[in-house]
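**Q** Dropping a structure here in C-alpha cells format, bear with me for questions.
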Amino acid sequence: MDPTGADMNAVLLILFLITIVLCLSTYAIYPAAIWVTGRWFPLTIRKRPILPKISIIISAYNEEKNIEEKIRNTLELDYPADKTEILIGSDGSGDQTVEISSRFCDERVRVFDFHENRGKTSVQNDLAGRAGGEIFIFTDAASFLPPDAIKKLIRNFADDRVGCVAGRMRFVGTNKNLTAESQGLYWRYEVKIRELESAIGSLIGVDGPLYAVRRQCYIPLERNMISDLMTPLLVLEQGKKVVLEPEAIVDEAPTTRTGQEFNTRRRITLRGLIGIFSHRRLLNPFRYPSLALQIFFHKVVRWFVGPMVIINFFTCFALSERLFFRLFLVLYVLFFMAAGFGYLSEKIGRKTIILKIPYYFSLVNFAATMGILDFVRKKQAVSWKPVRN
C-alpha cells in the first residue's frame, strides 16, 4: 500500500470522526450533559413576591403599526404605577413612531427620539443610562405581554444570586407554512435546552421580546453585538445566575418566508461571533470552565455545523471506495434532496411534514455558514429592520 495514500486516508478518517463527534456534541451530547448536571447539582431559586422599581425599555424602529398597542399593553400590566417607568427609544424611525408615542400623557411614559438609525443595542444602552429602576425589563415593540408577566419575572430577583431572568417566548401561528412549522419544531427543541441550562442557573441566551436584568449587572455593549446573547453571558461572568421564568410567557409570530428566516439566522450568527470573539476571555476553560464549555458546544459548534457537514461530505467522498462511506454518501444525497424538495414545496405553498427537518436544518446551517463568512470578511450588522409578517 502506498504510505502517502494510507496517511491521507488516516487524516480523512480523523476529520470524519471529529466532525461527526462535534455535530453530535452540540445536538445530543451537550443537552445530555446539562441534564445530568442539573440532576446532580440542581439550583433552587428562592422566589417570592417583591416590588422593586422597574424600568421597561422598548427599542423601536418604524413601529407605527404596533407602538400604540404596545404602550397600552405595557400600561395595563399588573405592577404598581408608582414603581414603573416606560422608556421608548426611536432608533431613527422614519414613520409616525415618535408622534404616536408622544400622545400618551401618562407620567410613566418617556419617549426619546434618536434621529440616527444606530441599531437596537445602542438604543438599549442609551435608555438604560437614563433609567432609574432597580430592574431593567427589555421588551420589543411588537411583543405584547400578559398582565402578570412582569411580576412573575421579578419574583426571581428575590434571590440575590440571580442577575438576569428570561421570559419564555412561545411561537404562535406556526401552521401557516413549512417555514413557520419548521421554526416552531426547532424552537421547541431549543426551549428544552434552555430549561436544562436554567436548572443549573446558567442560561446562556435570552429571548429579545422579554427579559430582565438587575441594574448593577447590566453592562453596555458595543453596537455591533447582539444583546440577547451577550447580556446574559456578561451577567454569568459576574458570578450571577441567569434563569428562565417559564410562566412569564410572551407570544411571538414566526417568520413565514425562507428569505426572512435565512437573513435573520445569518445576522444572528454574525453578531454572535462578533460578541463572543470580542469577549474571547469567556472561551478560556481555565478561567471559566463550565461557561466556556457551554458557549463552545451550544453556540460556536452549532454555528459551525454547516462547514463541518461540508468537510464530512467530502471525506466520505474521498473514502467512498469503502462500503460504509458510500452508504453515508447515499444518506447525504437523500437528505439534501429532501431539503431541496422542502424548499420547492415551500415555494408552491405545500406543507410536507417529512421534509421539515431536512429543509430547516439546511436553511439554518447555510445561513450560519454565510454568517461565518461575513465574520471572516469583517462585515458588520448594526442597524436593524425588524421582520414583520
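For the C-alpha cells, the naming scheme is as follows: chains receive sequential letters (A, B, ...) according to their order of presentation, residues are indexed from 1 within each chain, and ligands are indexed from 1 in presentation order.
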Apply DSSP to the backbone of this structure and, from segment 142-308 of chain A, keep only the residues in helix (DSSP H, G or I); write these as JSON, numbers by chain.
**A** {"A": [149, 150, 151, 152, 153, 154, 155, 156, 157, 158, 178, 179, 180, 181, 182, 183, 184, 185, 186, 187, 188, 189, 190, 191, 192, 193, 194, 195, 196, 197, 198, 215, 216, 217, 227, 228, 229, 230, 231, 232, 233, 234, 235, 236, 237, 258, 259, 260, 261, 262, 263, 264, 265, 266, 267, 268, 269, 270, 271, 272, 273, 274, 275, 276, 277, 278, 280, 281, 282, 283, 289, 290, 291, 292, 293, 294, 295, 296, 297, 298, 299, 300, 301, 302, 303, 305, 306, 307, 308]}
**Q** Write down as a VMD selection string the residues belonging to segment 82-160 of chain A that are assigned strand (DSSP E) by DSSP computed on the backbone.
**A** chain A and resid 84 to 91 109 to 114 135 to 140
**Q** Calculated over only C-alpha atoms, which of the candidates A:Met169, A:Ile311, A:Ala180, A:Leu282 has the smallest distance to Leu244 of chain A?
**A** A:Met169
**Q** Could you check how far atom CA of Leu178 of chain A sits from atom CA of Arg266 of chain A, in Å to one decimal?
**A**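 Separating atom CA of Leu178 of chain A from atom CA of Arg266 of chain A is a distance of 19.2 Å.
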**Q** Excluding Lys47 of chain A and residues on its chain fewer than 4 positions from it, collect all residues at most 10 Å away from it, counting only C-alpha atoms, and give them as a VMD selection string.
**A** chain A and resid 152 to 159
**Q** Residues as selected, all heavy atoms, written as a PDB file, in the first residue's frame, can you do that?
**A**
ATOM      1  N   LYS A 152     -44.101  37.913  37.526  1.00  0.00           N
ATOM      2  CA  LYS A 152     -43.520  36.570  37.516  1.00  0.00           C
ATOM      3  C   LYS A 152     -42.029  36.605  37.200  1.00  0.00           C
ATOM      4  O   LYS A 152     -41.258  35.789  37.717  1.00  0.00           O
ATOM      5  CB  LYS A 152     -44.282  35.685  36.545  1.00  0.00           C
ATOM      6  CG  LYS A 152     -45.659  35.318  37.082  1.00  0.00           C
ATOM      7  CD  LYS A 152     -46.430  34.378  36.183  1.00  0.00           C
ATOM      8  CE  LYS A 152     -47.715  33.924  36.876  1.00  0.00           C
ATOM      9  NZ  LYS A 152     -48.546  33.045  36.027  1.00  0.00           N
ATOM     10  N   LEU A 153     -41.621  37.546  36.368  1.00  0.00           N
ATOM     11  CA  LEU A 153     -40.185  37.730  36.143  1.00  0.00           C
ATOM     12  C   LEU A 153     -39.496  38.223  37.412  1.00  0.00           C
ATOM     13  O   LEU A 153     -38.474  37.677  37.849  1.00  0.00           O
ATOM     14  CB  LEU A 153     -39.953  38.760  35.033  1.00  0.00           C
ATOM     15  CG  LEU A 153     -39.936  38.355  33.565  1.00  0.00           C
ATOM     16  CD1 LEU A 153     -39.573  39.569  32.726  1.00  0.00           C
ATOM     17  CD2 LEU A 153     -38.958  37.226  33.289  1.00  0.00           C
ATOM     18  N   ILE A 154     -40.078  39.260  38.000  1.00  0.00           N
ATOM     19  CA  ILE A 154     -39.438  39.963  39.105  1.00  0.00           C
ATOM     20  C   ILE A 154     -39.263  39.092  40.341  1.00  0.00           C
ATOM     21  O   ILE A 154     -38.280  39.237  41.087  1.00  0.00           O
ATOM     22  CB  ILE A 154     -40.253  41.231  39.466  1.00  0.00           C
ATOM     23  CG1 ILE A 154     -40.204  42.239  38.324  1.00  0.00           C
ATOM     24  CG2 ILE A 154     -39.743  41.864  40.753  1.00  0.00           C
ATOM     25  CD1 ILE A 154     -38.828  42.761  38.006  1.00  0.00           C
ATOM     26  N   ARG A 155     -40.172  38.167  40.582  1.00  0.00           N
ATOM     27  CA  ARG A 155     -40.088  37.365  41.803  1.00  0.00           C
ATOM     28  C   ARG A 155     -38.785  36.570  41.893  1.00  0.00           C
ATOM     29  O   ARG A 155     -38.339  36.207  42.977  1.00  0.00           O
ATOM     30  CB  ARG A 155     -41.292  36.425  41.906  1.00  0.00           C
ATOM     31  CG  ARG A 155     -41.375  35.378  40.806  1.00  0.00           C
ATOM     32  CD  ARG A 155     -42.668  34.602  40.873  1.00  0.00           C
ATOM     33  NE  ARG A 155     -42.737  33.584  39.813  1.00  0.00           N
ATOM     34  CZ  ARG A 155     -43.758  32.781  39.617  1.00  0.00           C
ATOM     35  NH1 ARG A 155     -44.819  32.862  40.420  1.00  0.00           N
ATOM     36  NH2 ARG A 155     -43.750  31.880  38.649  1.00  0.00           N
ATOM     37  N   ASN A 156     -38.149  36.308  40.755  1.00  0.00           N
ATOM     38  CA  ASN A 156     -36.868  35.591  40.761  1.00  0.00           C
ATOM     39  C   ASN A 156     -35.749  36.426  41.370  1.00  0.00           C
ATOM     40  O   ASN A 156     -34.777  35.889  41.904  1.00  0.00           O
ATOM     41  CB  ASN A 156     -36.483  35.187  39.338  1.00  0.00           C
ATOM     42  CG  ASN A 156     -37.391  34.123  38.760  1.00  0.00           C
ATOM     43  OD1 ASN A 156     -37.136  32.933  38.908  1.00  0.00           O
ATOM     44  ND2 ASN A 156     -38.444  34.549  38.080  1.00  0.00           N
ATOM     45  N   PHE A 157     -35.867  37.753  41.293  1.00  0.00           N
ATOM     46  CA  PHE A 157     -34.815  38.628  41.822  1.00  0.00           C
ATOM     47  C   PHE A 157     -34.848  38.724  43.343  1.00  0.00           C
ATOM     48  O   PHE A 157     -33.979  39.373  43.941  1.00  0.00           O
ATOM     49  CB  PHE A 157     -34.932  40.020  41.199  1.00  0.00           C
ATOM     50  CG  PHE A 157     -34.565  40.057  39.743  1.00  0.00           C
ATOM     51  CD1 PHE A 157     -35.551  40.117  38.759  1.00  0.00           C
ATOM     52  CD2 PHE A 157     -33.241  39.999  39.341  1.00  0.00           C
ATOM     53  CE1 PHE A 157     -35.218  40.141  37.408  1.00  0.00           C
ATOM     54  CE2 PHE A 157     -32.891  40.030  37.999  1.00  0.00           C
ATOM     55  CZ  PHE A 157     -33.885  40.099  37.028  1.00  0.00           C
ATOM     56  N   ALA A 158     -35.828  38.094  43.981  1.00  0.00           N
ATOM     57  CA  ALA A 158     -35.810  37.990  45.439  1.00  0.00           C
ATOM     58  C   ALA A 158     -34.594  37.184  45.901  1.00  0.00           C
ATOM     59  O   ALA A 158     -34.140  37.318  47.037  1.00  0.00           O
ATOM     60  CB  ALA A 158     -37.099  37.340  45.941  1.00  0.00           C
ATOM     61  N   ASP A 159     -34.083  36.345  45.005  1.00  0.00           N
ATOM     62  CA  ASP A 159     -32.861  35.583  45.263  1.00  0.00           C
ATOM     63  C   ASP A 159     -31.676  36.440  44.807  1.00  0.00           C
ATOM     64  O   ASP A 159     -31.535  36.735  43.619  1.00  0.00           O
ATOM     65  CB  ASP A 159     -32.902  34.264  44.488  1.00  0.00           C
ATOM     66  CG  ASP A 159     -31.808  33.297  44.925  1.00  0.00           C
ATOM     67  OD1 ASP A 159     -30.687  33.756  45.214  1.00  0.00           O
ATOM     68  OD2 ASP A 159     -32.071  32.076  44.944  1.00  0.00           O
TER      69      ASP A 159
END
**Q** Do a neighbour search on Met230 of chain A at 8 Å with only C-alpha atoms, toss out local chain neighbours closer than 6 positions, and write the hits as JSON, numbers by chain.
**A** {"A": [205, 221, 272, 275, 276]}
**Q** Please produce a file of the residues just selected, as a tab-separated table (two decimals), in the first residue's frame, where the atoms kept are all heavy atoms.
**A**
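Saved the output as part07.tsv:
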chain	number	residue	atom	x	y	z
A	205	GLY	N	-28.50	32.26	26.79
A	205	GLY	CA	-29.17	33.07	25.79
A	205	GLY	C	-30.57	33.40	26.28
A	205	GLY	O	-31.21	32.57	26.92
A	221	LEU	N	-23.08	47.37	25.81
A	221	LEU	CA	-22.41	46.60	24.77
A	221	LEU	C	-22.04	47.47	23.58
A	221	LEU	O	-22.64	48.52	23.36
A	221	LEU	CB	-23.33	45.47	24.28
A	221	LEU	CG	-23.77	44.44	25.32
A	221	LEU	CD1	-24.85	43.55	24.72
A	221	LEU	CD2	-22.60	43.60	25.79
A	272	GLY	N	-23.40	37.28	16.85
A	272	GLY	CA	-22.99	36.42	17.95
A	272	GLY	C	-21.49	36.17	17.94
A	272	GLY	O	-20.83	36.22	18.99
A	275	GLY	N	-19.66	39.28	19.07
A	275	GLY	CA	-19.74	39.45	20.51
A	275	GLY	C	-18.83	38.51	21.27
A	275	GLY	O	-18.08	38.92	22.16
A	276	ILE	N	-18.88	37.24	20.91
A	276	ILE	CA	-18.09	36.24	21.64
A	276	ILE	C	-16.59	36.46	21.44
A	276	ILE	O	-15.80	36.40	22.39
A	276	ILE	CB	-18.51	34.82	21.23
A	276	ILE	CG1	-19.88	34.50	21.84
A	276	ILE	CG2	-17.48	33.79	21.67
A	276	ILE	CD1	-20.47	33.20	21.38
**Q** With only C-alpha atoms as the counted atoms, please give the residues lying no more than 12 Å from segment 342-357 of chain A, apart from itself and same-chain residues fewer than 4 positions off, as a list in words.
**A**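 The residues satisfying every condition are Thr174, Asn175, Lys176, Asn177, Leu178, Thr179, Ala180, Glu181, Ser182, Gln183, Gly184, Leu185, Tyr186, Tyr189, Thr256, Arg257, Thr258, Gly259, Leu334, Phe335, Phe336, Met337, Ala338, Phe361, Ser362, Leu363, Val364 and Asn365 of chain A.
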**Q** Generate a file of the selected residues that holds N, CA and C atoms, formatted as a PDB file, in the first residue's frame.
**A**
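Now in result27.pdb:
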ATOM      1  N   THR A 174     -47.888  28.733  13.967  1.00  0.00           N
ATOM      2  CA  THR A 174     -46.830  28.025  13.248  1.00  0.00           C
ATOM      3  C   THR A 174     -47.362  27.085  12.171  1.00  0.00           C
ATOM      4  N   ASN A 175     -48.683  27.072  11.972  1.00  0.00           N
ATOM      5  CA  ASN A 175     -49.260  26.167  10.971  1.00  0.00           C
ATOM      6  C   ASN A 175     -49.450  26.839   9.620  1.00  0.00           C
ATOM      7  N   LYS A 176     -48.852  28.031   9.432  1.00  0.00           N
ATOM      8  CA  LYS A 176     -49.097  28.776   8.204  1.00  0.00           C
ATOM      9  C   LYS A 176     -48.429  28.151   6.989  1.00  0.00           C
ATOM     10  N   ASN A 177     -47.178  27.732   7.146  1.00  0.00           N
ATOM     11  CA  ASN A 177     -46.464  27.113   6.034  1.00  0.00           C
ATOM     12  C   ASN A 177     -45.294  26.304   6.582  1.00  0.00           C
ATOM     13  N   LEU A 178     -44.480  25.749   5.675  1.00  0.00           N
ATOM     14  CA  LEU A 178     -43.403  24.861   6.093  1.00  0.00           C
ATOM     15  C   LEU A 178     -42.338  25.604   6.897  1.00  0.00           C
ATOM     16  N   THR A 179     -42.030  26.843   6.519  1.00  0.00           N
ATOM     17  CA  THR A 179     -41.024  27.617   7.264  1.00  0.00           C
ATOM     18  C   THR A 179     -41.479  27.856   8.696  1.00  0.00           C
ATOM     19  N   ALA A 180     -42.724  28.254   8.874  1.00  0.00           N
ATOM     20  CA  ALA A 180     -43.238  28.522  10.217  1.00  0.00           C
ATOM     21  C   ALA A 180     -43.296  27.240  11.048  1.00  0.00           C
ATOM     22  N   GLU A 181     -43.757  26.139  10.438  1.00  0.00           N
ATOM     23  CA  GLU A 181     -43.840  24.871  11.166  1.00  0.00           C
ATOM     24  C   GLU A 181     -42.452  24.381  11.570  1.00  0.00           C
ATOM     25  N   SER A 182     -41.496  24.504  10.663  1.00  0.00           N
ATOM     26  CA  SER A 182     -40.133  24.056  10.941  1.00  0.00           C
ATOM     27  C   SER A 182     -39.522  24.888  12.057  1.00  0.00           C
ATOM     28  N   GLN A 183     -39.769  26.196  12.023  1.00  0.00           N
ATOM     29  CA  GLN A 183     -39.258  27.083  13.061  1.00  0.00           C
ATOM     30  C   GLN A 183     -39.858  26.719  14.415  1.00  0.00           C
ATOM     31  N   GLY A 184     -41.136  26.420  14.439  1.00  0.00           N
ATOM     32  CA  GLY A 184     -41.790  26.030  15.681  1.00  0.00           C
ATOM     33  C   GLY A 184     -41.219  24.748  16.245  1.00  0.00           C
ATOM     34  N   LEU A 185     -40.928  23.772  15.365  1.00  0.00           N
ATOM     35  CA  LEU A 185     -40.346  22.497  15.803  1.00  0.00           C
ATOM     36  C   LEU A 185     -38.957  22.719  16.390  1.00  0.00           C
ATOM     37  N   TYR A 186     -38.130  23.486  15.687  1.00  0.00           N
ATOM     38  CA  TYR A 186     -36.778  23.766  16.172  1.00  0.00           C
ATOM     39  C   TYR A 186     -36.825  24.508  17.497  1.00  0.00           C
ATOM     40  N   TYR A 189     -37.327  22.366  20.556  1.00  0.00           N
ATOM     41  CA  TYR A 189     -36.076  21.708  20.929  1.00  0.00           C
ATOM     42  C   TYR A 189     -35.171  22.680  21.681  1.00  0.00           C
ATOM     43  N   THR A 256     -42.383  33.681   8.133  1.00  0.00           N
ATOM     44  CA  THR A 256     -43.090  32.776   7.224  1.00  0.00           C
ATOM     45  C   THR A 256     -42.447  32.686   5.848  1.00  0.00           C
ATOM     46  N   ARG A 257     -41.350  33.381   5.657  1.00  0.00           N
ATOM     47  CA  ARG A 257     -40.679  33.352   4.365  1.00  0.00           C
ATOM     48  C   ARG A 257     -39.255  32.848   4.514  1.00  0.00           C
ATOM     49  N   THR A 258     -38.837  32.022   3.568  1.00  0.00           N
ATOM     50  CA  THR A 258     -37.498  31.446   3.606  1.00  0.00           C
ATOM     51  C   THR A 258     -36.442  32.531   3.683  1.00  0.00           C
ATOM     52  N   GLY A 259     -36.561  33.560   2.851  1.00  0.00           N
ATOM     53  CA  GLY A 259     -35.566  34.629   2.821  1.00  0.00           C
ATOM     54  C   GLY A 259     -35.474  35.377   4.130  1.00  0.00           C
ATOM     55  N   LEU A 334     -29.711  11.754  -0.178  1.00  0.00           N
ATOM     56  CA  LEU A 334     -31.142  11.670   0.096  1.00  0.00           C
ATOM     57  C   LEU A 334     -31.599  12.813   1.004  1.00  0.00           C
ATOM     58  N   PHE A 335     -30.767  13.136   2.002  1.00  0.00           N
ATOM     59  CA  PHE A 335     -31.118  14.199   2.943  1.00  0.00           C
ATOM     60  C   PHE A 335     -31.213  15.539   2.234  1.00  0.00           C
ATOM     61  N   PHE A 336     -30.227  15.851   1.410  1.00  0.00           N
ATOM     62  CA  PHE A 336     -30.232  17.157   0.748  1.00  0.00           C
ATOM     63  C   PHE A 336     -31.225  17.218  -0.405  1.00  0.00           C
ATOM     64  N   MET A 337     -31.560  16.071  -0.983  1.00  0.00           N
ATOM     65  CA  MET A 337     -32.667  16.050  -1.943  1.00  0.00           C
ATOM     66  C   MET A 337     -33.973  16.392  -1.222  1.00  0.00           C
ATOM     67  N   ALA A 338     -34.148  15.827  -0.009  1.00  0.00           N
ATOM     68  CA  ALA A 338     -35.347  16.131   0.776  1.00  0.00           C
ATOM     69  C   ALA A 338     -35.392  17.611   1.142  1.00  0.00           C
ATOM     70  N   PHE A 361     -33.032  22.330   8.738  1.00  0.00           N
ATOM     71  CA  PHE A 361     -31.633  22.085   9.090  1.00  0.00           C
ATOM     72  C   PHE A 361     -30.716  22.713   8.048  1.00  0.00           C
ATOM     73  N   SER A 362     -31.036  22.494   6.780  1.00  0.00           N
ATOM     74  CA  SER A 362     -30.207  23.036   5.709  1.00  0.00           C
ATOM     75  C   SER A 362     -30.297  24.558   5.661  1.00  0.00           C
ATOM     76  N   LEU A 363     -31.492  25.088   5.830  1.00  0.00           N
ATOM     77  CA  LEU A 363     -31.684  26.536   5.800  1.00  0.00           C
ATOM     78  C   LEU A 363     -30.876  27.223   6.900  1.00  0.00           C
ATOM     79  N   VAL A 364     -31.025  26.741   8.135  1.00  0.00           N
ATOM     80  CA  VAL A 364     -30.361  27.367   9.280  1.00  0.00           C
ATOM     81  C   VAL A 364     -28.844  27.270   9.159  1.00  0.00           C
ATOM     82  N   ASN A 365     -28.352  26.112   8.753  1.00  0.00           N
ATOM     83  CA  ASN A 365     -26.906  25.929   8.715  1.00  0.00           C
ATOM     84  C   ASN A 365     -26.255  26.597   7.513  1.00  0.00           C
TER      85      ASN A 365
END
**Q** One number please: atom CA of Ile50 of chain A to atom CA of Thr139 of chain A, in Å, one decimal.
**A**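 About the pair atom CA of Ile50 of chain A and atom CA of Thr139 of chain A: they are 20.3 Å apart.
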**Q** Set the distance at 9 Å and use only C-alpha atoms: which residues neighbour Tyr218 of chain A once local chain neighbours fewer than 5 positions away are removed? I'd like the list as a count of residues only.
**A** 8
**Q** Could I get the residues of segment 277-330 of chain A with an atom no further than 9 Å from an atom of segment 28-35 of chain A, each paired with its nearest atom pair and that distance in Å to one decimal, using only C-alpha atoms, sorted by chain and residue number, as a tab-separated table?
**A**
residue	atom	partner	partner_atom	distance
A:Gln294	CA	A:Tyr30	CA	8.0
A:Phe297	CA	A:Tyr30	CA	6.6
A:His298	CA	A:Tyr30	CA	7.2
**Q** For the interface of segment 167-271 of chain A with segment 43-46 of chain A (cut-off 10 Å, counting only C-alpha atoms), please tabulate each contacting residue of segment 167-271 of chain A alongside its nearest pair of atoms and their separation in Å to one decimal, rows sorted by chain and increasing number, as a tab-separated table.
**A**
residue	atom	partner	partner_atom	distance
A:Ser198	CA	A:Leu43	CA	8.4
A:Ala199	CA	A:Leu43	CA	5.8
A:Ile200	CA	A:Leu43	CA	5.2
A:Gly201	CA	A:Leu43	CA	6.3
A:Ser202	CA	A:Leu43	CA	9.7
A:Lys241	CA	A:Ile45	CA	9.5
A:Val243	CA	A:Ile45	CA	8.8
**Q** Can you tell me, as JSON, numbers by chain, what residues are no more than 12 Å from segment 64-77 of chain A when counting only C-alpha atoms, ignoring any on the same chain fewer than 3 positions away?
**A** {"A": [55, 56, 57, 58, 59, 60, 61, 80, 81, 82, 83, 84, 85, 86, 87, 88, 89, 90, 93, 94, 95, 96, 97, 98, 99, 100, 101, 102, 103, 104, 105, 106, 107, 108, 109, 110, 111, 137, 138, 139, 140, 141, 142, 143, 144, 145, 146, 147, 148, 149, 150, 151, 152, 209, 386, 388]}
**Q** Of the candidates A:Pro254, A:Gly239, A:Gly133, A:Pro289, which shows the shortest atom-to-atom distance to Lys53 of chain A, using only C-alpha atoms?
**A**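 Checking each of A:Pro254, A:Gly239, A:Gly133, A:Pro289 against Lys53 of chain A, counting only C-alpha atoms, the winner is A:Gly133.
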**Q** To one decimal place in Å, what is the distance between atom CA of Asp374 of chain A and atom CA of Pro232 of chain A?
**A**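 Interatomic distance, atom CA of Asp374 of chain A to atom CA of Pro232 of chain A: 24.1 Å.
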**Q** So, with only C-alpha atoms as the atoms that count, which of A:Thr269, A:Ser320, A:Ser278, A:Thr315 lies closest to Leu373 of chain A?
**A**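 Using only C-alpha atoms, Leu373 of chain A sits closest to A:Thr269.
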**Q** Between A:Pro307, A:Val191, A:Phe171, A:Pro220, which is the closest to Leu127 of chain A once you count only C-alpha atoms?
**A** A:Pro220
